[in-house]
Each structure stands twice: as structure tokens, then as C-alpha cells.
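Have a look at the structure below before the remarks.
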Amino acid sequence: MAKRTYTAEEYRDTVAALLPPLPVVALPLADCLGLVLAEDVVARVSLPPFDNSAMDGYAVRAADIARAPVTLPVADDIPAGRTDVQPLEPGTAHRIMTGAPLPPGADAVVQVELTDAGTETVHITASVPAGKHLRRTGEDVVEGVTVLHAGTVLGPPQLGLAAAVGLGTLPVRRPPRVIVLSTGSELVAAGEPLPPGHIYESNSVLIAAAVREIGGTATVLRFVPDDVDKFRAVVAEHAPGADLLITSGGVSAGAYEVVKDAMTGHGVEFVRVAMQPGGPQGFGIFLGLPVLTLPGNPVSAALSFELFVRPALLGALGHRVVDRPRAKARAVLEMTSPGTKTQYRRGRHDDGVVEVVPVGGPGSHLLSAFAASNCLIEIPMGVEQVRAGDEVTLILLD
Ligand code: AMP
Ligand code: MG
């Protein structure tokens, strides 16, 4: 049976449909960075929770210092965190620190810089109007209101706000647990001696990092030898609890294609995507686990992750924006493309995204060119030649 051929867009949607939304869990704030809030959350307390001082200085009645300079007795000393604050009697001042509760009766704080900083009496050199340097209850957030909405990507400010309104955990779609498995009897881990005929394994390092970058956890299983039974046994052992298996290698046209041999007829379909590089792809459910089989060449694997896996995982995490931004720029050099496929060239654009220079050739093994690029240049099907000065579409990776 002839393999089905997908366009890159069709395959992107097929991969996205394979991954259901991840379950919603309550995670401690420290584990929420970069995740997506799954439900609206409301403030447990107002912000500020009580009237307090915005300055180090003296809580006063503004009327008592209207004719400054004046000297007032200091009746109390209120550091931040004090709970037994006494009312301010007319004609007196309380020394007060930033964030300390305002004593009843006070209607202004005069900053320490306008005083002699006294502790028994205080000499105040200038008046301040009523309301000065006060932070009123609920000025920022009122208790019970929705402070963060479902769909919000949780960055540092959002996490800080959640903590400030008393939320110790947030409901998020939990990080995907991804198994990253590389195959190939020629692969050796970086740092080990390199025997003749072997290469250093890099796909699992790149893919696991890309999974972590979007908030997932990656379990790396490397160097599964080109042996069907061992392959199945390794997957079966690690499948429970995982959300996705990503393999690389073993899916092209040659013999000893272990991934293909192990999974064909067992829920995984091997197809072609009309793109270069990255044509041979596979997807399905193997031993109950969603699986994506990426081609082995390092740039093919990286591009497949970028174009298909990344948007699918971001979608499962609840992100509304799952695609990289695109832009148009002028090609600085000529490029050729097969025309029958979408070609993704690696490129570097300038700061203003006005011009783009292709980095390296179209070859799927040119990893250093990929590492030196900050965008992909998409040459659509039907285009065989891009001339210097032509406008091209970029997928921005930076
Ligand atoms: P394959 O699809 O298994 O035939 O692999 C295609 C090419 O990619 C071969 O040159 C492999 O040696 C190389 N390759 C496969 N897997 C990896 C990997 N994990 N890291 C680096 N190169 C790989
Ligand atoms: Mg191989």
C-alpha cells in the first residue's frame, strides 16, 4: 500500500489531534512557571489587606501638622508586622515603617526625610495633605475578584500576584511526561570515546531540552539497539504514566529500521510529509501511548519537533498561541528548492527582520547551521527558486 503523503499543515493538525488536553492539577507556585492557568482564580484577600504606610515616617492627623514646622510627641512605634496598633490621639504622632498598619485616627504619613527622626518627640518641617503616603485596603485587588483568568501563561509577575493574594497552588494543566528515545546501533553518548563507525548521539539531547523548554518533563532512553524485541520491551517498561513517546531514527527507507519494524501494524502509521528535510514521519498509539516517530537526521528531528510536536504539546498544555511568530523578509542570497515539497531552510535575520541570510545548505545533517540560525525560511511547494531580493516567509525561533 502506498504511503499517505501529508502537507506540513495537514500533518501538524494530525499530530495535534493525537494529544488530548493534559489533566488539570493543583501545583505549588514554584512548579507553575510557564504553565497555563486552567481555571479562573479569585483573590483570597484584598491587596493591600489593610490600610498601611507607603513610607518610613510618622503617622499623623494632617490637620495637626498643617502649620508646620511643628513638634509632636511620639506616642507609639509601629514596625511592619505589628498587630496591636493603638489609635492615634489628636496632637500626637506614631513613628511608622513602610508596610506597617496605619493606626486608627491617622490620615497621613509624613516621610522621615521631612523630620528630625525623633523617638520621644518629632520635629516636622513641612505639612502633607490628608491621604499622603497611605496604601488603602483593596487599592490593588479586592478580595473575591478574579485575579488571574483561565488561559493565562504563568510568568514571574502572575506567580508573584498569586502569592500576594494568598494562593499557594494554582490549577494548571500538568507538564507532559515525554519519553525521548533514540535508536541506532551507531550512537555513542557525548563524553565517551568514539569507536570507528560510530557517531555521538545528539537527537535525544536536543529533543529533551526542547520538551523542557516548553514546560514538559523528559525521560531520555538512549541507544536502544536496532533490535525489535528490545525496542518493544523498553517502551513497554516506560509507557505507564507517560503522555507521549518521541522516537528518532529508524523510520527511513533502509533495512534495520527498528522503529518502523517494531510498530508497523501495532497502531502506528508511517507516512510521508511533503517537506524537506523531515519527510518520513510516523504517528499513532503504541501500547496505549501516543507516539511520534521522528526521522533520525538531526536537523530533520529538530524541525519535526519544531513544526509538529511543539505546537501539539503547547496545545495539550492549554496554550492559545502554539505557533511561532512568522514574518516576511528579503532573502539576501539565492536558494533553490525541489518545488514538490515545502522546504525549510535555516536562516539568520537581522534585528529589524528586514533581511534574511540562509545559513548552510538544505542538508538535514547540518546541525551547526541550525544552531547558528534564528529562523526557518519556508519555501512553499511550487517554488523552485528564490532570487536574492525576493520576499520570503520566516518562522522566527528567537
Ligand atoms: P536513521 O533514520 O536511523 O537511518 O538515521 C538517519 C541518520 O541520522 C543517520 O546518519 C543516523 O546516524 C543519524 N541519527 C539517527 N539517530 C541519531 C541520534 N539520536 N543522534 C544523532 N544522529 C542520529
Ligand atoms: Mg538508525
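Residues in the C-alpha cells are numbered from 1 in each chain, the chains being A, B, ... in the order shown, and ligands are numbered from 1 in the order shown.
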At a cut-off of 12 Å, can you tabulate as CSV every residue of chain A near ligand 2 together with its closest atom pair and the distance in Å to one decimal, using only C-alpha atoms and all ligand atoms and ordering rows by chain then number?
residue,atom,partner,partner_atom_place_in_ligand_line,distance
A:Leu181,CA,ligand 2,1 (Mg),11.8
A:Ser182,CA,ligand 2,1 (Mg),8.5
A:Thr183,CA,ligand 2,1 (Mg),5.8
A:Gly184,CA,ligand 2,1 (Mg),4.1
A:Ser185,CA,ligand 2,1 (Mg),7.1
A:Glu186,CA,ligand 2,1 (Mg),7.6
A:Leu187,CA,ligand 2,1 (Mg),8.7
A:His198,CA,ligand 2,1 (Mg),11.4
A:Ile199,CA,ligand 2,1 (Mg),11.2
A:Glu201,CA,ligand 2,1 (Mg),11.0
A:Asn203,CA,ligand 2,1 (Mg),11.5
A:Phe223,CA,ligand 2,1 (Mg),10.0
A:Val224,CA,ligand 2,1 (Mg),10.2
A:Pro225,CA,ligand 2,1 (Mg),9.0
A:Asp226,CA,ligand 2,1 (Mg),7.3
A:Asp227,CA,ligand 2,1 (Mg),10.9
A:Thr247,CA,ligand 2,1 (Mg),10.7
A:Ser248,CA,ligand 2,1 (Mg),8.1
A:Gly249,CA,ligand 2,1 (Mg),4.7
A:Gly250,CA,ligand 2,1 (Mg),4.4
A:Val251,CA,ligand 2,1 (Mg),7.6
A:Ser252,CA,ligand 2,1 (Mg),8.2
A:Ala253,CA,ligand 2,1 (Mg),10.5
A:Gly254,CA,ligand 2,1 (Mg),8.9
A:Ala255,CA,ligand 2,1 (Mg),9.3
A:Tyr256,CA,ligand 2,1 (Mg),7.3
A:Glu257,CA,ligand 2,1 (Mg),6.3
A:Val258,CA,ligand 2,1 (Mg),7.5
A:Val259,CA,ligand 2,1 (Mg),8.7
A:Lys260,CA,ligand 2,1 (Mg),10.5
A:Asp261,CA,ligand 2,1 (Mg),11.8
A:Thr293,CA,ligand 2,1 (Mg),11.9
A:Leu294,CA,ligand 2,1 (Mg),11.0
A:Pro295,CA,ligand 2,1 (Mg),8.7
A:Gly296,CA,ligand 2,1 (Mg),6.4
A:Asn297,CA,ligand 2,1 (Mg),8.9
A:Pro298,CA,ligand 2,1 (Mg),11.4
Could you please take those selected residues and save C-alpha atoms as a CSV table (one decimal), in the first residue's frame?
chain,number,residue,atom,x,y,z
A,181,LEU,CA,14.0,7.5,22.7
A,182,SER,CA,16.8,7.4,20.2
A,183,THR,CA,17.6,4.4,18.2
A,184,GLY,CA,20.7,3.3,16.2
A,185,SER,CA,23.5,0.9,17.0
A,186,GLU,CA,26.0,3.6,15.8
A,187,LEU,CA,25.2,6.0,18.6
A,198,HIS,CA,30.1,5.5,15.4
A,199,ILE,CA,28.7,9.0,16.0
A,201,GLU,CA,24.2,10.9,19.9
A,203,ASN,CA,18.8,14.0,19.0
A,223,PHE,CA,20.9,3.8,22.4
A,224,VAL,CA,18.2,1.3,22.2
A,225,PRO,CA,19.9,-1.0,19.8
A,226,ASP,CA,18.4,-1.8,16.4
A,227,ASP,CA,16.5,-4.8,17.8
A,247,THR,CA,11.5,8.4,18.9
A,248,SER,CA,14.1,9.5,16.4
A,249,GLY,CA,15.7,7.4,13.7
A,250,GLY,CA,14.7,4.1,12.3
A,251,VAL,CA,11.9,5.3,10.1
A,252,SER,CA,13.5,5.8,6.7
A,253,ALA,CA,13.6,3.6,3.7
A,254,GLY,CA,16.6,1.4,4.5
A,255,ALA,CA,16.8,-2.0,6.2
A,256,TYR,CA,17.2,-2.2,10.0
A,257,GLU,CA,14.6,0.4,10.6
A,258,VAL,CA,13.8,-0.7,14.1
A,259,VAL,CA,11.1,1.8,14.9
A,260,LYS,CA,9.2,1.0,11.8
A,261,ASP,CA,9.7,-2.7,12.2
A,293,THR,CA,8.4,8.8,15.3
A,294,LEU,CA,10.8,11.5,14.0
A,295,PRO,CA,13.4,10.9,11.4
A,296,GLY,CA,17.0,10.4,12.6
A,297,ASN,CA,18.9,13.1,10.9
A,298,PRO,CA,19.5,15.7,13.5
Using DSSP on the backbone coordinates, identify the residues of segment 111-143 of chain A assigned to strand (DSSP E or B); present them as a ChimeraX atom specification.
/A:111,115,121-124,134-135,141
Can you spit out the residues from that selection as a short mmCIF file (atom, residue, chain, number, x, y, z; two decimals), in the first residue's frame, using C-alpha atoms?
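The result, written out as out-v5.cif:
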data_model
loop_
_atom_site.label_atom_id
_atom_site.label_comp_id
_atom_site.auth_asym_id
_atom_site.auth_seq_id
_atom_site.Cartn_x
_atom_site.Cartn_y
_atom_site.Cartn_z
CA GLN A 111 8.06 60.83 55.47
CA THR A 115 11.51 65.29 60.19
CA THR A 121 9.22 63.93 70.12
CA VAL A 122 9.41 64.57 66.43
CA HIS A 123 10.09 67.88 64.72
CA ILE A 124 8.19 68.02 61.43
CA LEU A 134 -1.16 55.81 52.57
CA ARG A 135 -1.90 52.48 50.87
CA VAL A 141 -7.06 43.90 44.36
#
Using only C-alpha atoms, determine which residues lie at most 9 Å from Leu37 of chain A, disregarding the query and same-chain residues fewer than 3 positions distant; provide the list as a ChimeraX atom specification.
/A:32,40-41,148-154,170-173,318
Please run DSSP on the backbone and report, as a ChimeraX atom specification, all residues within segment 174-271 of chain A that come out as helix (DSSP H, G or I).
/A:203-213,228-238,258-263
For the residues in that selection, give me N, CA and C atoms as an mmCIF file, in the first residue's frame.
data_model
loop_
_atom_site.group_PDB
_atom_site.id
_atom_site.type_symbol
_atom_site.label_atom_id
_atom_site.label_comp_id
_atom_site.auth_asym_id
_atom_site.auth_seq_id
_atom_site.Cartn_x
_atom_site.Cartn_y
_atom_site.Cartn_z
ATOM 1 N N ASN A 203 20.278 13.683 19.115
ATOM 2 C CA ASN A 203 18.838 13.972 18.989
ATOM 3 C C ASN A 203 18.130 14.008 20.338
ATOM 4 N N SER A 204 18.437 13.033 21.200
ATOM 5 C CA SER A 204 17.694 12.979 22.465
ATOM 6 C C SER A 204 18.031 14.180 23.335
ATOM 7 N N VAL A 205 19.265 14.665 23.216
ATOM 8 C CA VAL A 205 19.670 15.840 23.998
ATOM 9 C C VAL A 205 18.869 17.057 23.531
ATOM 10 N N LEU A 206 18.798 17.210 22.212
ATOM 11 C CA LEU A 206 18.085 18.359 21.641
ATOM 12 C C LEU A 206 16.587 18.270 21.942
ATOM 13 N N ILE A 207 16.009 17.102 21.723
ATOM 14 C CA ILE A 207 14.550 16.974 21.883
ATOM 15 C C ILE A 207 14.153 17.097 23.353
ATOM 16 N N ALA A 208 14.917 16.474 24.229
ATOM 17 C CA ALA A 208 14.589 16.574 25.657
ATOM 18 C C ALA A 208 14.663 18.033 26.116
ATOM 19 N N ALA A 209 15.669 18.762 25.630
ATOM 20 C CA ALA A 209 15.790 20.184 26.001
ATOM 21 C C ALA A 209 14.593 20.967 25.469
ATOM 22 N N ALA A 210 14.172 20.640 24.245
ATOM 23 C CA ALA A 210 13.028 21.349 23.655
ATOM 24 C C ALA A 210 11.739 21.038 24.415
ATOM 25 N N VAL A 211 11.615 19.809 24.908
ATOM 26 C CA VAL A 211 10.445 19.440 25.722
ATOM 27 C C VAL A 211 10.467 20.239 27.025
ATOM 28 N N ARG A 212 11.632 20.305 27.656
ATOM 29 C CA ARG A 212 11.729 21.013 28.939
ATOM 30 C C ARG A 212 11.491 22.513 28.749
ATOM 31 N N GLU A 213 11.941 23.009 27.622
ATOM 32 C CA GLU A 213 11.797 24.451 27.369
ATOM 33 C C GLU A 213 10.331 24.880 27.386
ATOM 34 N N VAL A 228 14.171 -5.261 17.406
ATOM 35 C CA VAL A 228 12.739 -5.053 17.578
ATOM 36 C C VAL A 228 12.243 -5.481 18.963
ATOM 37 N N ASP A 229 12.652 -6.637 19.425
ATOM 38 C CA ASP A 229 12.159 -7.119 20.720
ATOM 39 C C ASP A 229 12.628 -6.226 21.860
ATOM 40 N N LYS A 230 13.897 -5.832 21.791
ATOM 41 C CA LYS A 230 14.423 -4.944 22.850
ATOM 42 C C LYS A 230 13.693 -3.601 22.819
ATOM 43 N N PHE A 231 13.438 -3.132 21.606
ATOM 44 C CA PHE A 231 12.722 -1.859 21.460
ATOM 45 C C PHE A 231 11.355 -1.941 22.131
ATOM 46 N N ARG A 232 10.593 -3.007 21.810
ATOM 47 C CA ARG A 232 9.251 -3.147 22.395
ATOM 48 C C ARG A 232 9.326 -3.266 23.918
ATOM 49 N N ALA A 233 10.314 -4.003 24.398
ATOM 50 C CA ALA A 233 10.433 -4.210 25.851
ATOM 51 C C ALA A 233 10.733 -2.890 26.561
ATOM 52 N N VAL A 234 11.608 -2.087 25.976
ATOM 53 C CA VAL A 234 11.953 -0.798 26.592
ATOM 54 C C VAL A 234 10.734 0.115 26.627
ATOM 55 N N VAL A 235 9.983 0.160 25.533
ATOM 56 C CA VAL A 235 8.796 1.019 25.503
ATOM 57 C C VAL A 235 7.773 0.525 26.520
ATOM 58 N N ALA A 236 7.543 -0.788 26.553
ATOM 59 C CA ALA A 236 6.538 -1.349 27.472
ATOM 60 C C ALA A 236 6.893 -1.024 28.924
ATOM 61 N N GLU A 237 8.170 -1.061 29.230
ATOM 62 C CA GLU A 237 8.609 -0.794 30.601
ATOM 63 C C GLU A 237 8.325 0.655 31.006
ATOM 64 N N HIS A 238 8.506 1.588 30.072
ATOM 65 C CA HIS A 238 8.410 3.008 30.428
ATOM 66 C C HIS A 238 7.072 3.653 30.090
ATOM 67 N N VAL A 258 14.366 -0.007 12.960
ATOM 68 C CA VAL A 258 13.786 -0.699 14.111
ATOM 69 C C VAL A 258 12.439 -0.121 14.549
ATOM 70 N N VAL A 259 12.320 1.192 14.482
ATOM 71 C CA VAL A 259 11.075 1.819 14.940
ATOM 72 C C VAL A 259 9.921 1.361 14.057
ATOM 73 N N LYS A 260 10.187 1.422 12.755
ATOM 74 C CA LYS A 260 9.160 1.003 11.797
ATOM 75 C C LYS A 260 8.832 -0.474 11.980
ATOM 76 N N ASP A 261 9.877 -1.285 12.090
ATOM 77 C CA ASP A 261 9.655 -2.727 12.193
ATOM 78 C C ASP A 261 8.881 -3.090 13.462
ATOM 79 N N ALA A 262 9.167 -2.393 14.547
ATOM 80 C CA ALA A 262 8.519 -2.744 15.819
ATOM 81 C C ALA A 262 7.066 -2.286 15.887
ATOM 82 N N MET A 263 6.733 -1.187 15.203
ATOM 83 C CA MET A 263 5.420 -0.591 15.426
ATOM 84 C C MET A 263 4.459 -0.703 14.250
#
If we count only C-alpha atoms and set the cut-off at 8 Å, which residues sit around segment 355-357 of chain A, ignoring sequence neighbours fewer than 2 positions away in its own chain? Please answer as JSON, numbers by chain.
{"A": [329, 330, 331, 332, 333, 347, 348, 349, 350, 353, 359]}
Write a file of the selected residues as a compact mmCIF listing (two decimals), in the first residue's frame, keeping N, CA, C and O atoms.
# COMPACT_ATOMS: atom_id res chain seq x y z
N ALA A 329 10.60 38.68 5.07
CA ALA A 329 11.87 39.40 4.96
C ALA A 329 12.43 39.16 3.56
O ALA A 329 11.98 38.26 2.84
N ARG A 330 13.41 39.97 3.19
CA ARG A 330 14.06 39.83 1.87
C ARG A 330 15.22 38.85 1.97
O ARG A 330 16.07 38.96 2.86
N ALA A 331 15.23 37.88 1.06
CA ALA A 331 16.35 36.93 1.02
C ALA A 331 17.57 37.65 0.47
O ALA A 331 17.48 38.38 -0.52
N VAL A 332 18.71 37.43 1.13
CA VAL A 332 19.94 38.10 0.70
C VAL A 332 20.66 37.25 -0.35
O VAL A 332 21.39 37.77 -1.19
N LEU A 333 20.47 35.94 -0.29
CA LEU A 333 21.12 35.03 -1.25
C LEU A 333 20.06 34.22 -1.97
O LEU A 333 18.96 34.01 -1.45
N GLY A 347 17.99 30.04 8.67
CA GLY A 347 18.42 31.39 8.31
C GLY A 347 18.73 32.25 9.52
O GLY A 347 18.45 31.87 10.66
N ARG A 348 19.35 33.36 9.21
CA ARG A 348 19.57 34.41 10.23
C ARG A 348 18.98 35.70 9.72
O ARG A 348 19.33 36.17 8.64
N HIS A 349 18.07 36.24 10.49
CA HIS A 349 17.52 37.55 10.13
C HIS A 349 18.22 38.63 10.96
O HIS A 349 18.80 38.34 12.01
N ASP A 350 18.15 39.85 10.47
CA ASP A 350 18.74 40.97 11.20
C ASP A 350 17.77 41.43 12.30
O ASP A 350 16.67 40.89 12.42
N VAL A 353 14.27 42.35 11.31
CA VAL A 353 13.64 41.33 10.45
C VAL A 353 13.30 41.93 9.08
O VAL A 353 12.18 41.84 8.59
N VAL A 359 21.54 30.03 6.25
CA VAL A 359 22.73 29.52 6.94
C VAL A 359 22.88 28.06 6.54
O VAL A 359 21.99 27.25 6.80
Who sits within 8 Å of segment 371-376 of chain A, only C-alpha atoms, same chain under 2 positions skipped, as a PyMOL selection string
chain A and resi 344-349+359+367-369+378+394-398
For Gly138 of chain A, please output as number ranges by chain all residues within 8 Å (counting only C-alpha atoms; exclusion window: fewer than 5 positions along the same chain).
A: 46-50, 143
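Using only C-alpha atoms and all ligand atoms, the nearest neighbour of ligand 1 within the list A:Ala388, A:Ile246, A:Met335, A:Ile65 is A:Ile246.
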Name the residues in contact with Leu88 of chain A at a cut-off of 12 Å, using only C-alpha atoms, excluding same-chain residues fewer than 4 positions from it; report them as an mmCIF file with N, CA and C atoms, in the first residue's frame.
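Once written, result.cif looks like this:
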data_model
loop_
_atom_site.group_PDB
_atom_site.id
_atom_site.type_symbol
_atom_site.label_atom_id
_atom_site.label_comp_id
_atom_site.auth_asym_id
_atom_site.auth_seq_id
_atom_site.Cartn_x
_atom_site.Cartn_y
_atom_site.Cartn_z
ATOM 1 N N TYR A 58 6.108 59.143 59.985
ATOM 2 C CA TYR A 58 5.250 59.345 61.154
ATOM 3 C C TYR A 58 3.804 59.415 60.704
ATOM 4 N N ALA A 59 2.969 58.578 61.350
ATOM 5 C CA ALA A 59 1.528 58.649 61.110
ATOM 6 C C ALA A 59 0.986 59.827 61.903
ATOM 7 N N VAL A 60 0.210 60.659 61.240
ATOM 8 C CA VAL A 60 -0.289 61.888 61.875
ATOM 9 C C VAL A 60 -1.730 62.149 61.435
ATOM 10 N N ARG A 61 -2.331 63.148 62.079
ATOM 11 C CA ARG A 61 -3.540 63.774 61.524
ATOM 12 C C ARG A 61 -3.027 64.971 60.741
ATOM 13 N N ALA A 62 -3.396 65.052 59.466
ATOM 14 C CA ALA A 62 -2.847 66.107 58.598
ATOM 15 C C ALA A 62 -3.105 67.486 59.205
ATOM 16 N N ASP A 64 -3.044 68.361 62.246
ATOM 17 C CA ASP A 64 -2.109 68.677 63.334
ATOM 18 C C ASP A 64 -0.781 69.240 62.833
ATOM 19 N N LEU A 72 5.681 67.286 67.694
ATOM 20 C CA LEU A 72 4.623 66.463 68.297
ATOM 21 C C LEU A 72 5.265 65.386 69.163
ATOM 22 N N PRO A 73 4.593 64.967 70.234
ATOM 23 C CA PRO A 73 5.086 63.808 70.997
ATOM 24 C C PRO A 73 4.900 62.531 70.172
ATOM 25 N N VAL A 74 5.878 61.637 70.269
ATOM 26 C CA VAL A 74 5.772 60.346 69.566
ATOM 27 C C VAL A 74 5.168 59.356 70.557
ATOM 28 N N ALA A 75 3.902 58.943 70.321
ATOM 29 C CA ALA A 75 3.170 58.139 71.299
ATOM 30 C C ALA A 75 3.367 56.645 71.106
ATOM 31 N N ASP A 76 3.834 56.236 69.925
ATOM 32 C CA ASP A 76 3.972 54.786 69.685
ATOM 33 C C ASP A 76 4.948 54.586 68.526
ATOM 34 N N ASP A 77 5.381 53.350 68.384
ATOM 35 C CA ASP A 77 6.369 52.997 67.366
ATOM 36 C C ASP A 77 5.836 51.751 66.658
ATOM 37 N N ILE A 78 5.587 51.841 65.367
ATOM 38 C CA ILE A 78 4.878 50.748 64.675
ATOM 39 C C ILE A 78 5.756 50.152 63.562
ATOM 40 N N THR A 92 -0.696 64.051 68.522
ATOM 41 C CA THR A 92 0.449 63.158 68.698
ATOM 42 C C THR A 92 0.805 62.540 67.344
ATOM 43 N N ALA A 93 1.978 61.889 67.321
ATOM 44 C CA ALA A 93 2.417 61.162 66.120
ATOM 45 C C ALA A 93 2.811 59.750 66.538
ATOM 46 N N HIS A 94 2.711 58.792 65.611
ATOM 47 C CA HIS A 94 3.269 57.455 65.812
ATOM 48 C C HIS A 94 4.370 57.272 64.784
ATOM 49 N N ARG A 95 5.555 56.856 65.263
ATOM 50 C CA ARG A 95 6.595 56.507 64.295
ATOM 51 C C ARG A 95 6.115 55.242 63.553
ATOM 52 N N ILE A 96 6.236 55.210 62.251
ATOM 53 C CA ILE A 96 5.683 54.083 61.476
ATOM 54 C C ILE A 96 6.642 53.709 60.346
ATOM 55 N N PRO A 101 0.743 48.683 59.750
ATOM 56 C CA PRO A 101 -0.666 49.086 59.741
ATOM 57 C C PRO A 101 -0.844 50.511 60.251
ATOM 58 N N LEU A 102 -1.719 51.225 59.548
ATOM 59 C CA LEU A 102 -1.989 52.608 59.927
ATOM 60 C C LEU A 102 -2.827 52.618 61.204
ATOM 61 N N PRO A 103 -2.460 53.421 62.206
ATOM 62 C CA PRO A 103 -3.288 53.471 63.422
ATOM 63 C C PRO A 103 -4.615 54.167 63.117
ATOM 64 N N PRO A 104 -5.704 53.682 63.742
ATOM 65 C CA PRO A 104 -6.985 54.383 63.578
ATOM 66 C C PRO A 104 -6.822 55.843 63.983
ATOM 67 N N GLY A 105 -7.444 56.731 63.237
ATOM 68 C CA GLY A 105 -7.346 58.163 63.553
ATOM 69 C C GLY A 105 -6.314 58.883 62.710
ATOM 70 N N ALA A 106 -5.302 58.180 62.227
ATOM 71 C CA ALA A 106 -4.295 58.831 61.373
ATOM 72 C C ALA A 106 -4.861 58.955 59.967
ATOM 73 N N ASP A 107 -4.535 60.053 59.295
ATOM 74 C CA ASP A 107 -4.999 60.187 57.913
ATOM 75 C C ASP A 107 -3.874 60.559 56.959
ATOM 76 N N ALA A 108 -2.625 60.547 57.451
ATOM 77 C CA ALA A 108 -1.493 60.833 56.562
ATOM 78 C C ALA A 108 -0.214 60.299 57.199
#
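Atom pair atom CA of Val142 of chain A / atom CA of Ala164 of chain A has a distance of 12.0 Å (rounded to one decimal).
We find atom CA of His319 of chain A and atom CA of Gly288 of chain A to be spaced 24.8 Å apart.
Straight-line separation from atom CA of Leu33 of chain A to atom CA of Leu307 of chain A: 23.4 Å.
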Kindly indicate which residue among A:Val45, A:Pro20, A:Lys328, A:Met381 lies nearest to Leu167 of chain A, using only C-alpha atoms for the distances.
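Of A:Val45, A:Pro20, A:Lys328, A:Met381, the one nearest Leu167 of chain A is A:Val45, counting only C-alpha atoms.
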